[in-house]
Amino acid sequence: MVRETWNGTQEDLRKLGAMMQRFEGRDPMESLIPLLHYVQDEYRYIPEGAAEIISDCWHIPMTDIFGVVTFYADFTAEPLGRNRMSICEGAACYFMGATDLAAAALDALNIQYNETTPDGAWTVSRADFCYGACHLAPLVEVNHKIRGPLTAEQVAETVRHSPANEH
Ligand code: FES
């Protein structure tokens, strides 16, 4: 699903207002993280403009909001790609060729780890932990789905031809 970035339009304000309304009557500090999940999911990052509105309406300092954003790996201050690939570099995947998968994906997209393609289609990151699915090594996680075992060619094909790669 293609999602838009924040432009501060009436539609953006309406969407953010609807998200905030879900927490009406609740403690703002307790609601902040679930609200940020909605915002991150919608925009693929926490836009400063959205954070300012949350800060004003819920009386939470901006430093507290961005403290949460930088602390939790689930949140980013920059837009992520519409598709996300995480390449497992845990021990089993590493020995089964994870670095070849990484090279294939990153070369095909012409980016480095943790970068997003200029068209916003893909962000690729390294997972240096084990997914607990070593029997599928080497594996990647694409948009929250585990895929493996994969070859470098299959990974390159995935980033080139994923339907979600379209605008
Ligand atoms: S090391 Fe990759 S799933 Fe275990």
# chains A, B, ... in the order shown; residues from 1 in each chain; ligands from 1
$ residues_near_ligand --ligand "ligand 1" --cutoff "12 Å" --atoms "only C-alpha atoms and all ligand atoms" --output "CSV table (one decimal) with N, CA, C and O atoms, in the first residue's frame"
chain,number,residue,atom,x,y,z
A,86,SER,N,14.7,-6.2,5.7
A,86,SER,CA,15.7,-6.3,6.7
A,86,SER,C,16.4,-7.6,6.5
A,86,SER,O,15.8,-8.7,6.3
A,87,ILE,N,17.7,-7.6,6.4
A,87,ILE,CA,18.5,-8.7,6.0
A,87,ILE,C,19.1,-9.3,7.3
A,87,ILE,O,19.9,-8.6,8.0
A,88,CYS,N,18.8,-10.5,7.6
A,88,CYS,CA,19.3,-11.2,8.8
A,88,CYS,C,20.8,-11.4,8.7
A,88,CYS,O,21.2,-12.1,7.8
A,89,GLU,N,21.6,-10.9,9.6
A,89,GLU,CA,23.0,-11.2,9.7
A,89,GLU,C,23.3,-11.8,11.0
A,89,GLU,O,24.4,-11.6,11.5
A,90,GLY,N,22.4,-12.5,11.5
A,90,GLY,CA,22.6,-13.4,12.7
A,90,GLY,C,23.6,-14.5,12.2
A,90,GLY,O,23.8,-14.7,11.0
A,91,ALA,N,24.2,-15.2,13.2
A,91,ALA,CA,25.3,-16.1,12.8
A,91,ALA,C,24.9,-17.1,11.7
A,91,ALA,O,25.7,-17.3,10.7
A,92,ALA,N,23.8,-17.8,11.8
A,92,ALA,CA,23.4,-18.8,10.8
A,92,ALA,C,23.3,-18.2,9.5
A,92,ALA,O,23.8,-18.7,8.5
A,93,CYS,N,22.5,-17.1,9.4
A,93,CYS,CA,22.3,-16.4,8.1
A,93,CYS,C,23.6,-15.9,7.5
A,93,CYS,O,23.9,-16.0,6.3
A,94,TYR,N,24.5,-15.4,8.4
A,94,TYR,CA,25.8,-14.9,8.0
A,94,TYR,C,26.6,-16.0,7.3
A,94,TYR,O,27.1,-15.8,6.2
A,95,PHE,N,26.6,-17.1,8.0
A,95,PHE,CA,27.4,-18.2,7.4
A,95,PHE,C,26.8,-18.8,6.1
A,95,PHE,O,27.5,-19.4,5.3
A,96,MET,N,25.5,-18.6,6.0
A,96,MET,CA,24.8,-19.1,4.8
A,96,MET,C,24.8,-18.1,3.7
A,96,MET,O,24.1,-18.4,2.7
A,97,GLY,N,25.4,-17.0,3.9
A,97,GLY,CA,25.5,-16.1,2.7
A,97,GLY,C,24.7,-14.8,2.8
A,97,GLY,O,24.4,-14.2,1.8
A,98,ALA,N,24.4,-14.3,4.0
A,98,ALA,CA,23.7,-13.1,4.2
A,98,ALA,C,24.4,-11.9,3.5
A,98,ALA,O,23.7,-11.0,3.0
A,99,THR,N,25.7,-11.9,3.6
A,99,THR,CA,26.3,-10.7,3.0
A,99,THR,C,26.2,-10.7,1.5
A,99,THR,O,26.1,-9.6,0.9
A,126,ARG,N,20.1,-3.8,8.1
A,126,ARG,CA,20.7,-5.1,8.6
A,126,ARG,C,20.1,-5.5,9.9
A,126,ARG,O,19.9,-4.6,10.8
A,127,ALA,N,19.7,-6.7,10.1
A,127,ALA,CA,19.3,-7.2,11.4
A,127,ALA,C,20.4,-8.0,11.9
A,127,ALA,O,20.7,-9.1,11.4
A,128,ASP,N,21.1,-7.6,12.9
A,128,ASP,CA,22.2,-8.3,13.5
A,128,ASP,C,21.8,-9.2,14.7
A,128,ASP,O,22.5,-9.4,15.6
A,129,PHE,N,20.5,-9.6,14.6
A,129,PHE,CA,20.0,-10.6,15.6
A,129,PHE,C,19.4,-11.7,14.8
A,129,PHE,O,19.2,-11.7,13.6
A,130,CYS,N,19.1,-12.8,15.6
A,130,CYS,CA,18.5,-14.0,14.9
A,130,CYS,C,17.0,-13.9,15.0
A,130,CYS,O,16.5,-13.6,16.0
A,131,TYR,N,16.4,-14.2,13.9
A,131,TYR,CA,14.9,-14.2,13.8
A,131,TYR,C,14.3,-15.4,14.4
A,131,TYR,O,13.1,-15.5,14.5
A,132,GLY,N,15.2,-16.3,14.8
A,132,GLY,CA,14.6,-17.6,15.4
A,132,GLY,C,14.1,-18.5,14.3
A,132,GLY,O,13.2,-19.3,14.6
A,133,ALA,N,14.6,-18.3,13.1
A,133,ALA,CA,14.1,-19.1,11.9
A,133,ALA,C,15.3,-19.6,11.1
A,133,ALA,O,15.3,-19.5,9.9
A,134,CYS,N,16.4,-20.0,11.8
A,134,CYS,CA,17.6,-20.3,11.2
A,134,CYS,C,17.5,-21.4,10.1
A,134,CYS,O,18.3,-21.5,9.2
A,135,HIS,N,16.4,-22.3,10.2
A,135,HIS,CA,16.3,-23.3,9.2
A,135,HIS,C,15.9,-22.7,7.9
A,135,HIS,O,16.0,-23.4,6.9
A,136,LEU,N,15.6,-21.4,7.9
A,136,LEU,CA,15.3,-20.7,6.6
A,136,LEU,C,16.5,-19.9,6.1
A,136,LEU,O,16.4,-19.1,5.2
A,137,ALA,N,17.6,-20.0,6.8
A,137,ALA,CA,18.8,-19.2,6.5
A,137,ALA,C,19.3,-19.5,5.0
A,137,ALA,O,19.3,-20.6,4.6
A,138,PRO,N,19.8,-18.4,4.3
A,138,PRO,CA,19.8,-17.0,4.7
A,138,PRO,C,18.4,-16.4,4.4
A,138,PRO,O,17.8,-16.7,3.4
A,139,LEU,N,17.9,-15.6,5.3
A,139,LEU,CA,16.6,-15.1,5.2
A,139,LEU,C,16.6,-13.5,5.2
A,139,LEU,O,17.5,-12.9,5.7
A,140,VAL,N,15.5,-13.0,4.7
A,140,VAL,CA,15.2,-11.6,4.8
A,140,VAL,C,13.8,-11.4,5.3
A,140,VAL,O,13.0,-12.3,5.1
A,141,GLU,N,13.5,-10.2,5.9
A,141,GLU,CA,12.2,-9.9,6.2
A,141,GLU,C,11.8,-8.8,5.3
A,141,GLU,O,12.4,-7.7,5.2
A,146,ILE,N,8.7,-13.0,6.7
A,146,ILE,CA,10.0,-13.7,6.6
A,146,ILE,C,10.1,-14.4,5.3
A,146,ILE,O,9.1,-15.1,4.9
A,147,ARG,N,11.2,-14.3,4.5
A,147,ARG,CA,11.3,-15.1,3.3
A,147,ARG,C,12.7,-15.8,3.3
A,147,ARG,O,13.7,-15.1,3.5
A,148,GLY,N,12.7,-17.0,3.1
A,148,GLY,CA,14.0,-17.7,3.0
A,148,GLY,C,13.8,-19.2,2.9
A,148,GLY,O,12.7,-19.7,3.0
A,149,PRO,N,14.8,-20.0,2.5
A,149,PRO,CA,16.1,-19.5,2.2
A,149,PRO,C,16.1,-18.8,0.8
A,149,PRO,O,15.4,-19.3,-0.1
A,150,LEU,N,16.8,-17.8,0.6
A,150,LEU,CA,16.9,-17.0,-0.6
A,150,LEU,C,18.3,-17.0,-1.2
A,150,LEU,O,19.2,-17.0,-0.5
$ residues_around --residues "region 19-21 of chain A" --least-positions-apart "5" --cutoff "10 Å" --atoms "only C-alpha atoms" --output "compact mmCIF listing (two decimals) with all heavy atoms, in the first residue's frame"
# COMPACT_ATOMS: atom_id res chain seq x y z
N LEU A 13 -4.16 17.10 8.42
CA LEU A 13 -4.67 17.54 9.72
C LEU A 13 -5.88 16.71 10.13
O LEU A 13 -6.05 16.34 11.30
CB LEU A 13 -5.03 19.02 9.67
CG LEU A 13 -3.87 19.97 9.33
CD1 LEU A 13 -4.35 21.42 9.30
CD2 LEU A 13 -2.73 19.81 10.32
N ARG A 14 -6.73 16.40 9.13
CA ARG A 14 -7.92 15.59 9.42
C ARG A 14 -7.51 14.20 9.90
O ARG A 14 -8.03 13.67 10.88
CB ARG A 14 -8.79 15.49 8.16
CG ARG A 14 -10.14 14.82 8.39
CD ARG A 14 -10.79 14.35 7.11
NE ARG A 14 -10.01 13.34 6.41
CZ ARG A 14 -9.85 12.08 6.80
NH1 ARG A 14 -10.44 11.67 7.91
NH2 ARG A 14 -9.12 11.25 6.10
N ARG A 26 -8.10 10.00 27.51
CA ARG A 26 -7.04 9.19 28.12
C ARG A 26 -5.83 10.06 28.46
O ARG A 26 -5.68 11.15 27.95
CB ARG A 26 -6.61 8.07 27.16
CG ARG A 26 -7.76 7.17 26.83
CD ARG A 26 -7.27 5.79 26.46
NE ARG A 26 -8.24 5.16 25.57
CZ ARG A 26 -7.92 4.30 24.63
NH1 ARG A 26 -6.68 3.96 24.42
NH2 ARG A 26 -8.85 3.75 23.89
N PRO A 28 -2.50 11.68 28.13
CA PRO A 28 -1.67 11.93 26.94
C PRO A 28 -0.34 11.19 26.96
O PRO A 28 0.07 10.64 25.93
CB PRO A 28 -1.46 13.45 26.97
CG PRO A 28 -2.60 13.98 27.75
CD PRO A 28 -2.92 12.93 28.77
N SER A 31 -0.82 7.72 26.10
CA SER A 31 -1.34 7.55 24.74
C SER A 31 -0.30 7.87 23.67
O SER A 31 -0.50 7.55 22.50
CB SER A 31 -2.55 8.48 24.52
OG SER A 31 -3.52 8.25 25.51
N LEU A 32 0.80 8.51 24.09
CA LEU A 32 1.75 9.00 23.10
C LEU A 32 2.32 7.89 22.21
O LEU A 32 2.31 8.01 20.98
CB LEU A 32 2.89 9.76 23.79
CG LEU A 32 3.94 10.36 22.85
CD1 LEU A 32 3.31 11.37 21.89
CD2 LEU A 32 5.07 11.00 23.64
N PRO A 34 1.24 4.72 21.52
CA PRO A 34 0.28 4.17 20.55
C PRO A 34 -0.08 5.17 19.45
O PRO A 34 -0.23 4.78 18.28
CB PRO A 34 -0.95 3.81 21.37
CG PRO A 34 -0.58 3.97 22.80
CD PRO A 34 0.78 4.60 22.90
N LEU A 35 -0.20 6.46 19.80
CA LEU A 35 -0.50 7.45 18.77
C LEU A 35 0.65 7.53 17.76
O LEU A 35 0.41 7.57 16.54
CB LEU A 35 -0.72 8.83 19.41
CG LEU A 35 -0.85 9.99 18.41
CD1 LEU A 35 -2.08 9.82 17.52
CD2 LEU A 35 -0.90 11.33 19.14
N LEU A 36 1.88 7.53 18.26
CA LEU A 36 3.03 7.61 17.34
C LEU A 36 3.08 6.40 16.41
O LEU A 36 3.52 6.51 15.27
CB LEU A 36 4.34 7.76 18.13
CG LEU A 36 4.52 9.10 18.86
CD1 LEU A 36 5.83 9.10 19.65
CD2 LEU A 36 4.46 10.28 17.91
N TYR A 38 0.46 4.94 15.14
CA TYR A 38 -0.48 5.28 14.06
C TYR A 38 0.17 6.24 13.06
O TYR A 38 0.04 6.09 11.85
CB TYR A 38 -1.75 5.93 14.62
CG TYR A 38 -2.70 4.98 15.31
CD1 TYR A 38 -3.18 5.27 16.58
CD2 TYR A 38 -3.14 3.82 14.68
CE1 TYR A 38 -4.07 4.42 17.22
CE2 TYR A 38 -4.02 2.96 15.33
CZ TYR A 38 -4.48 3.27 16.59
OH TYR A 38 -5.36 2.43 17.23
N VAL A 39 0.85 7.25 13.61
CA VAL A 39 1.46 8.27 12.74
C VAL A 39 2.57 7.64 11.89
O VAL A 39 2.65 7.85 10.67
CB VAL A 39 2.02 9.44 13.58
CG1 VAL A 39 2.76 10.44 12.69
CG2 VAL A 39 0.89 10.14 14.34
N ILE A 54 0.74 17.54 18.06
CA ILE A 54 0.57 16.67 19.23
C ILE A 54 1.07 17.40 20.48
O ILE A 54 0.42 17.39 21.53
CB ILE A 54 1.33 15.34 19.03
CG1 ILE A 54 0.72 14.55 17.87
CG2 ILE A 54 1.31 14.51 20.32
CD1 ILE A 54 1.60 13.41 17.37
N CYS A 57 -1.46 20.24 21.40
CA CYS A 57 -2.78 19.78 21.87
C CYS A 57 -2.69 18.97 23.16
O CYS A 57 -3.58 19.05 24.00
CB CYS A 57 -3.45 18.92 20.80
SG CYS A 57 -3.84 19.86 19.32
N TRP A 58 -1.65 18.19 23.27
CA TRP A 58 -1.55 17.31 24.44
C TRP A 58 -0.59 17.85 25.50
O TRP A 58 -0.31 17.17 26.50
CB TRP A 58 -1.11 15.90 24.00
CG TRP A 58 -2.21 15.13 23.33
CD1 TRP A 58 -3.44 15.61 22.96
CD2 TRP A 58 -2.20 13.75 22.97
NE1 TRP A 58 -4.18 14.61 22.37
CE2 TRP A 58 -3.45 13.46 22.37
CE3 TRP A 58 -1.25 12.73 23.08
CZ2 TRP A 58 -3.78 12.18 21.90
CZ3 TRP A 58 -1.57 11.47 22.61
CH2 TRP A 58 -2.83 11.20 22.02
$ residues_around --residues "Arg44 (chain A)" --least-positions-apart "2" --cutoff "7 Å" --atoms "only C-alpha atoms" --output "JSON, numbers by chain"
{"A": [40, 41, 42, 79, 80]}
$ closest_residue --among "A:Phe71, A:Trp6, A:Phe23, A:Phe66" --to "Gly49 (chain A)" --atoms "only C-alpha atoms"
A:Trp6
$ closest_residue --among "A:Val124, A:Val142, A:Met62, A:Ile53" --to "Ala104 (chain A)" --atoms "only C-alpha atoms"
A:Val124
